[in-house]
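S.K.: Below is the file run.csv, which contains CSV, C-alpha atoms and all ligand atoms.
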chain,number,residue,atom,x,y,z
N,1,MET,CA,20.8,72.7,30.1
N,2,HIS,CA,23.1,75.5,29.4
N,3,CYS,CA,26.5,74.4,28.1
N,4,ASP,CA,28.4,77.5,27.3
N,5,VAL,CA,31.5,76.0,29.0
N,6,TYR,CA,31.5,73.2,26.5
N,7,MET,CA,32.5,74.2,23.0
N,8,ILE,CA,31.4,70.7,21.8
N,9,PRO,CA,28.6,68.9,23.7
N,10,THR,CA,28.9,65.2,24.6
N,11,GLU,CA,26.4,62.8,23.0
N,12,ASP,CA,24.4,62.8,26.4
N,13,GLN,CA,24.3,66.6,26.3
N,14,CYS,CA,23.0,66.5,22.7
N,15,ARG,CA,20.2,64.1,23.9
N,16,GLN,CA,19.4,66.6,26.7
N,17,LEU,CA,18.9,69.3,24.0
N,18,TRP,CA,16.6,66.9,22.1
N,19,GLU,CA,14.4,66.9,25.3
N,20,LYS,CA,14.6,70.6,25.8
N,21,TYR,CA,13.7,71.4,22.2
N,22,HIS,CA,11.1,68.6,21.9
N,23,LEU,CA,12.8,66.8,19.0
N,24,PRO,CA,10.2,64.2,17.7
N,25,GLU,CA,11.0,60.5,18.0
N,26,LYS,CA,11.3,60.0,14.2
N,27,LYS,CA,13.8,62.9,14.0
N,28,ARG,CA,15.8,61.4,16.8
N,29,ARG,CA,16.2,58.2,14.8
N,30,HIS,CA,17.1,60.2,11.7
N,31,VAL,CA,19.8,62.3,13.5
N,32,GLU,CA,21.2,59.1,15.2
N,33,LEU,CA,21.5,57.5,11.8
N,34,VAL,CA,23.1,60.6,10.3
N,35,ALA,CA,25.6,60.5,13.1
N,36,CYS,CA,26.4,56.8,12.3
N,37,VAL,CA,27.0,57.6,8.6
N,38,ALA,CA,29.1,60.6,9.5
N,39,ARG,CA,31.2,58.5,11.9
N,40,PHE,CA,31.7,55.8,9.3
N,41,LEU,CA,32.6,58.3,6.6
N,42,SER,CA,35.1,60.2,8.8
N,43,GLN,CA,36.8,56.9,9.9
N,44,GLN,CA,37.1,55.7,6.3
N,45,LEU,CA,38.4,59.1,5.1
N,46,THR,CA,41.1,59.2,7.8
N,47,ILE,CA,42.1,55.6,7.3
N,48,ASN,CA,42.5,56.2,3.5
N,49,ASN,CA,44.1,59.6,3.8
N,50,SER,CA,46.6,60.0,6.7
N,51,GLN,CA,47.0,63.7,6.0
N,52,LEU,CA,43.4,64.5,6.7
N,53,THR,CA,42.3,65.8,10.0
N,54,ILE,CA,38.6,65.6,10.9
N,55,ASN,CA,37.1,67.0,14.2
N,56,HIS,CA,35.3,63.8,15.0
N,57,SER,CA,33.5,65.0,18.2
N,58,LEU,CA,32.4,68.2,16.5
N,59,LEU,CA,31.0,66.2,13.5
N,60,VAL,CA,29.1,63.7,15.7
N,61,ALA,CA,27.6,66.5,17.9
N,62,GLY,CA,26.7,68.4,14.7
N,63,ALA,CA,25.0,65.3,13.3
N,64,LEU,CA,23.0,64.8,16.5
N,65,LEU,CA,21.9,68.4,16.6
N,66,HIS,CA,21.5,69.4,12.9
N,67,ASP,CA,17.7,69.2,12.9
N,68,ILE,CA,17.2,70.5,16.5
N,69,ASP,CA,14.9,73.2,15.0
N,70,SER,CA,12.2,70.7,14.1
N,71,LYS,CA,9.8,71.9,16.8
N,72,VAL,CA,11.4,75.3,17.5
N,73,PRO,CA,9.0,78.1,16.5
N,74,LYS,CA,10.5,80.0,13.6
N,75,LEU,CA,11.0,83.7,13.6
N,76,SER,CA,9.9,85.7,10.6
N,77,GLY,CA,12.1,85.0,7.6
N,78,GLU,CA,13.7,81.9,9.2
N,79,LYS,CA,13.8,78.7,7.3
N,80,HIS,CA,15.5,75.4,8.1
N,81,PRO,CA,18.0,75.3,9.8
N,82,ASP,CA,18.0,79.0,10.9
N,83,ALA,CA,16.1,78.5,14.1
N,84,GLY,CA,18.5,75.7,15.0
N,85,VAL,CA,21.5,77.9,14.4
N,86,ARG,CA,19.9,80.5,16.6
N,87,VAL,CA,19.1,78.2,19.6
N,88,LEU,CA,22.5,76.5,19.4
N,89,LYS,CA,24.2,80.0,19.6
N,90,ILE,CA,22.0,80.7,22.7
N,91,GLU,CA,23.2,77.4,24.2
N,92,GLY,CA,26.8,78.6,23.8
N,93,LEU,CA,27.4,76.2,20.9
N,94,ALA,CA,28.6,78.5,18.2
N,95,LYS,CA,30.9,75.9,16.6
N,96,ILE,CA,28.0,73.5,16.2
N,97,ALA,CA,25.8,76.3,15.0
N,98,GLN,CA,28.4,77.1,12.3
N,99,LEU,CA,28.6,73.5,11.2
N,100,ILE,CA,24.9,72.8,10.9
N,101,LYS,CA,24.3,76.1,9.0
N,102,THR,CA,25.5,74.5,5.7
N,103,HIS,CA,23.6,71.1,5.8
N,104,ALA,CA,20.3,72.0,4.2
N,105,LEU,CA,19.8,71.0,0.6
N,106,HIS,CA,19.5,74.5,-0.8
N,107,THR,CA,22.9,75.6,0.6
N,108,ILE,CA,24.7,73.6,-2.1
N,109,LEU,CA,23.3,75.8,-4.8
N,110,ASP,CA,25.2,78.9,-3.6
N,111,ARG,CA,29.0,79.1,-3.5
N,112,HIS,CA,28.9,81.3,-0.4
N,113,SER,CA,26.5,79.1,1.6
N,114,CYS,CA,27.6,75.7,0.4
N,115,PRO,CA,29.5,73.2,2.7
N,116,LYS,CA,33.3,73.9,2.5
N,117,THR,CA,35.1,72.3,5.4
N,118,LEU,CA,35.4,68.5,5.5
N,119,GLU,CA,33.1,68.3,8.5
N,120,GLU,CA,30.5,70.4,6.8
N,121,LYS,CA,30.7,68.3,3.6
N,122,ILE,CA,30.5,65.0,5.6
N,123,LEU,CA,27.4,66.2,7.5
N,124,PHE,CA,25.8,67.4,4.4
N,125,LEU,CA,26.3,64.1,2.6
N,126,ALA,CA,25.4,61.9,5.6
N,127,ASP,CA,22.1,63.8,5.9
N,128,LYS,CA,21.3,63.1,2.3
N,129,MET,CA,21.9,59.3,2.9
N,130,VAL,CA,19.3,59.1,5.6
N,131,LYS,CA,15.6,59.5,5.9
N,132,TYR,CA,14.4,57.2,8.7
N,133,ASP,CA,16.8,54.5,7.5
N,134,ILE,CA,20.2,54.7,5.9
N,135,ILE,CA,19.7,54.8,2.2
N,136,THR,CA,21.6,56.3,-0.8
N,137,VAL,CA,21.6,59.8,-2.2
N,138,ASP,CA,19.6,58.5,-5.3
N,139,GLU,CA,17.0,56.9,-3.1
N,140,ARG,CA,16.8,60.0,-0.9
N,141,PHE,CA,16.1,62.2,-4.0
N,142,ARG,CA,13.6,59.6,-5.3
N,143,LEU,CA,11.7,59.9,-1.9
N,144,TRP,CA,11.8,63.7,-2.1
N,145,GLY,CA,10.4,63.4,-5.7
N,146,ASN,CA,7.4,61.5,-4.3
N,147,GLU,CA,6.6,64.3,-1.8
N,148,SER,CA,4.1,67.0,-2.8
N,149,LEU,CA,6.6,69.8,-3.3
N,150,SER,CA,6.0,73.4,-4.4
N,151,ASP,CA,7.5,74.5,-7.8
N,152,ALA,CA,10.2,76.3,-6.0
N,153,GLU,CA,11.1,73.2,-4.0
N,154,GLN,CA,11.2,71.1,-7.1
N,155,ARG,CA,13.5,73.5,-8.8
N,156,VAL,CA,15.9,73.3,-5.8
N,157,LEU,CA,15.7,69.5,-5.9
N,158,ARG,CA,16.6,69.4,-9.6
N,159,ALA,CA,19.4,71.9,-9.4
N,160,ALA,CA,20.9,70.3,-6.2
N,161,TYR,CA,20.9,66.7,-7.5
N,162,PRO,CA,24.1,66.9,-9.7
N,163,LYS,CA,25.9,68.9,-7.0
N,164,VAL,CA,25.0,66.4,-4.3
N,165,LYS,CA,26.1,63.6,-6.6
N,166,ALA,CA,29.4,65.4,-7.2
N,167,LEU,CA,30.0,65.7,-3.5
N,168,GLU,CA,29.0,62.0,-3.0
N,169,LYS,CA,31.6,61.1,-5.7
N,170,GLU,CA,34.3,63.3,-4.1
N,171,LEU,CA,33.9,62.0,-0.6
N,172,LEU,CA,33.3,58.3,-1.4
N,173,TYR,CA,36.3,58.3,-3.7
N,174,LEU,CA,38.5,59.8,-1.0
N,175,ALA,CA,37.1,57.3,1.5
N,176,GLY,CA,37.8,54.4,-0.8
N,177,ILE,CA,34.1,53.4,-1.0
N,178,GLY,CA,33.1,51.9,-4.3
N,179,SER,CA,29.4,51.2,-3.8
N,180,PRO,CA,27.2,53.7,-1.9
N,181,GLY,CA,24.4,51.1,-1.8
N,182,GLN,CA,26.6,48.5,-0.1
N,183,VAL,CA,27.9,51.0,2.4
N,184,ALA,CA,24.4,52.2,3.3
N,185,LYS,CA,23.4,48.6,3.9
N,186,LEU,CA,26.5,47.9,6.0
N,187,ILE,CA,26.1,50.9,8.3
N,188,MET,CA,22.4,50.2,8.7
N,189,GLU,CA,23.1,46.6,9.7
N,190,GLU,CA,25.7,47.7,12.3
N,191,TYR,CA,23.2,50.2,13.8
N,192,THR,CA,20.4,47.6,13.9
N,193,ASN,CA,22.8,45.0,15.6
N,194,LYS,CA,24.0,47.6,18.2
N,195,LYS,CA,20.3,48.5,19.0
N,196,LYS,CA,19.5,44.7,19.5
N,197,GLU,CA,22.5,44.4,21.8
N,198,GLY,CA,21.3,47.5,23.6
N,199,VAL,CA,24.6,49.4,23.0
Y,201,FE,FE,18.5,65.9,8.6
Render the structure in this file as structure tokens.
Ligand SMILES: [Fe+2]

M.R.:
Amino acid sequence: MHCDVYMIPTEDQCRQLWEKYHLPEKKRRHVELVACVARFLSQQLTINNSQLTINHSLLVAGALLHDIDSKVPKLSGEKHPDAGVRVLKIEGLAKIAQLIKTHALHTILDRHSCPKTLEEKILFLADKMVKYDIITVDERFRLWGNESLSDAEQRVLRAAYPKVKALEKELLYLAGIGSPGQVAKLIMEEYTNKKKEGV
């Protein structure tokens, strides 16, 4: 598929890109769940703050495509999600490429590369609330902590944690959400029920 006439791909077009770039099944579940969290957060944010405008279709497409580089061979010097940004630009999806650029954990450590727009912040946070189920930021960091990470990766993890918690606090407060754990459970249940109903 080449969708340069579409600035924002539909969900079906995102799924065609999963095929084209061989996104693994587990990653498909991950990105679908990130899209569920992103949808939920953006709805709650706009319900609670009538002055906020969020580009909903951009956010959902970004969530569905944020890990598209999973099986894309990386060029020298590229790290996640650089190859994804590159292929999305080739697909004519510059707006999505721009959005996913700031979702990786390390971006939050640098004031130039960190998520700044509301859509970027929501995608970043939603990604940190999902592994292969919807969980909390704390649980996600705990799982990372159990992985065998290099010293450099562990340093990123430690430095990023307070910044991710601050972003979680900022967005959940604005969205009127008191308990991250309850919200994670609620969105996960909604997703599971929809899957059972075949929606
Ligand atoms: Fe992700």

S.K.: Could you check the closest approach to Ile68 of chain N for each of N:Asn55, N:Thr107, N:Asn48, N:Gln16 and tell me which residue wins, using all atoms listed in the file?

M.R.: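 That would be N:Gln16, the residue with the smallest distance to Ile68 of chain N.
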
S.K.: May I have the residues within 9 Å of Ala160 of chain N as a JSON list (two decimals) with C-alpha atoms, keeping the file's coordinate frame, using only C-alpha atoms and disregarding those fewer than 2 positions away in the same chain?

M.R.:
[["chain", "number", "residue", "atom", "x", "y", "z"],
["N", 105, "LEU", "CA", 19.80, 71.00, 0.60],
["N", 106, "HIS", "CA", 19.50, 74.50, -0.80],
["N", 107, "THR", "CA", 22.90, 75.60, 0.60],
["N", 108, "ILE", "CA", 24.70, 73.60, -2.10],
["N", 109, "LEU", "CA", 23.30, 75.80, -4.80],
["N", 155, "ARG", "CA", 13.50, 73.50, -8.80],
["N", 156, "VAL", "CA", 15.90, 73.30, -5.80],
["N", 157, "LEU", "CA", 15.70, 69.50, -5.90],
["N", 158, "ARG", "CA", 16.60, 69.40, -9.60],
["N", 162, "PRO", "CA", 24.10, 66.90, -9.70],
["N", 163, "LYS", "CA", 25.90, 68.90, -7.00],
["N", 164, "VAL", "CA", 25.00, 66.40, -4.30],
["N", 165, "LYS", "CA", 26.10, 63.60, -6.60]]

S.K.: Could you give me, as a list of chain:residue names, every polymer residue with an atom at most 8 Å away from an atom of ligand FE 201 (chain Y), counting all atoms listed in the file?

M.R.: N:Lys27, N:His30, N:Val31, N:Val34, N:His66, N:Asp67, N:His103, N:Ala104, N:Asp127, N:Lys128, N:Val130, N:Lys131

S.K.: Any chance you can output those residues with C-alpha atoms as a PDB file, in the coordinates of the input?

M.R.:
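This is the output file out.pdb:
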ATOM      1  CA  LYS N  27      13.800  62.900  14.000  1.00  0.00           C
ATOM      2  CA  HIS N  30      17.100  60.200  11.700  1.00  0.00           C
ATOM      3  CA  VAL N  31      19.800  62.300  13.500  1.00  0.00           C
ATOM      4  CA  VAL N  34      23.100  60.600  10.300  1.00  0.00           C
ATOM      5  CA  HIS N  66      21.500  69.400  12.900  1.00  0.00           C
ATOM      6  CA  ASP N  67      17.700  69.200  12.900  1.00  0.00           C
ATOM      7  CA  HIS N 103      23.600  71.100   5.800  1.00  0.00           C
ATOM      8  CA  ALA N 104      20.300  72.000   4.200  1.00  0.00           C
ATOM      9  CA  ASP N 127      22.100  63.800   5.900  1.00  0.00           C
ATOM     10  CA  LYS N 128      21.300  63.100   2.300  1.00  0.00           C
ATOM     11  CA  VAL N 130      19.300  59.100   5.600  1.00  0.00           C
ATOM     12  CA  LYS N 131      15.600  59.500   5.900  1.00  0.00           C
TER      13      LYS N 131
END

S.K.: Provide the atom CA of Cys14 of chain N to atom CA of Leu58 of chain N distance in Å, to one decimal place.

M.R.: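 Taking atom CA of Cys14 of chain N and atom CA of Leu58 of chain N, their separation equals 11.4 Å.
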
S.K.: Around (30.7, 73.0, 4.9) in the file's own coordinates, what residues are found within 12 Å if you use only C-alpha atoms, given back as an MDAnalysis selection string?

M.R.: chainID N and resid 59 62 96:105 107:108 110:125 167

S.K.: Rounded to one decimal, what separation in Å do you get between atom CA of Gln154 of chain N and atom CA of Lys79 of chain N?

M.R.: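 Here the two named atoms are 16.5 Å from each other.
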
S.K.: Between N:Gly176, N:Gly84, N:Pro9, N:Gly77, which one has atoms that come closest to Ser42 of chain N, using all atoms listed in the file?

M.R.: N:Gly176

S.K.: With only C-alpha atoms as the atoms that count, which of N:Lys74, N:His22, N:His56, N:Lys95 lies nearest to Cys36 of chain N?

M.R.: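 Nearest candidate to Cys36 of chain N out of N:Lys74, N:His22, N:His56, N:Lys95: N:His56.
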
S.K.: How many Å lie between atom CA of Ser76 of chain N and atom CA of Ala152 of chain N, rounded to one decimal?

M.R.: 19.1 Å

S.K.: Between N:Ala94, N:Asp69, N:Ile187, N:Met7, which one has atoms that come closest to Asp82 of chain N, using all atoms listed in the file?

M.R.: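 Comparing N:Ala94, N:Asp69, N:Ile187, N:Met7 against Asp82 of chain N, the winner is N:Asp69.
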
S.K.: From the options N:Arg86, N:Arg142, N:Arg39, N:Arg28, which residue's atoms come nearest to Val60 of chain N, counting all atoms listed in the file?

M.R.: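 Closest candidate: N:Arg39.
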
S.K.: Generate the coordinates of N, CA and C atoms for segment 119-132 of chain N; report them as an mmCIF file, keeping the file's coordinate frame.

M.R.:
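Once written, result.cif looks like this:
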data_model
loop_
_atom_site.group_PDB
_atom_site.id
_atom_site.type_symbol
_atom_site.label_atom_id
_atom_site.label_comp_id
_atom_site.auth_asym_id
_atom_site.auth_seq_id
_atom_site.Cartn_x
_atom_site.Cartn_y
_atom_site.Cartn_z
ATOM 1 N N GLU N 119 34.211 68.643 7.629
ATOM 2 C CA GLU N 119 33.100 68.300 8.500
ATOM 3 C C GLU N 119 31.773 68.725 7.959
ATOM 4 N N GLU N 120 31.732 69.928 7.367
ATOM 5 C CA GLU N 120 30.500 70.400 6.800
ATOM 6 C C GLU N 120 30.062 69.516 5.591
ATOM 7 N N LYS N 121 31.044 69.124 4.773
ATOM 8 C CA LYS N 121 30.700 68.300 3.600
ATOM 9 C C LYS N 121 30.240 66.891 4.071
ATOM 10 N N ILE N 122 30.887 66.326 5.092
ATOM 11 C CA ILE N 122 30.500 65.000 5.600
ATOM 12 C C ILE N 122 29.066 65.053 6.151
ATOM 13 N N LEU N 123 28.790 66.089 6.962
ATOM 14 C CA LEU N 123 27.400 66.200 7.500
ATOM 15 C C LEU N 123 26.401 66.374 6.445
ATOM 16 N N PHE N 124 26.700 67.209 5.475
ATOM 17 C CA PHE N 124 25.800 67.400 4.400
ATOM 18 C C PHE N 124 25.449 66.107 3.681
ATOM 19 N N LEU N 125 26.499 65.374 3.322
ATOM 20 C CA LEU N 125 26.300 64.100 2.600
ATOM 21 C C LEU N 125 25.586 63.074 3.432
ATOM 22 N N ALA N 126 26.033 62.948 4.691
ATOM 23 C CA ALA N 126 25.400 61.900 5.600
ATOM 24 C C ALA N 126 23.919 62.186 5.707
ATOM 25 N N ASP N 127 23.539 63.456 5.793
ATOM 26 C CA ASP N 127 22.100 63.800 5.900
ATOM 27 C C ASP N 127 21.335 63.400 4.658
ATOM 28 N N LYS N 128 22.010 63.421 3.505
ATOM 29 C CA LYS N 128 21.300 63.100 2.300
ATOM 30 C C LYS N 128 21.320 61.548 2.029
ATOM 31 N N MET N 129 21.933 60.801 2.974
ATOM 32 C CA MET N 129 21.900 59.300 2.900
ATOM 33 C C MET N 129 20.964 58.723 3.906
ATOM 34 N N VAL N 130 20.175 59.573 4.555
ATOM 35 C CA VAL N 130 19.300 59.100 5.600
ATOM 36 C C VAL N 130 17.918 59.748 5.498
ATOM 37 N N LYS N 131 16.860 58.922 5.598
ATOM 38 C CA LYS N 131 15.600 59.500 5.900
ATOM 39 C C LYS N 131 15.253 58.966 7.318
ATOM 40 N N TYR N 132 14.530 57.842 7.397
ATOM 41 C CA TYR N 132 14.400 57.200 8.700
ATOM 42 C C TYR N 132 15.133 55.866 8.707
#
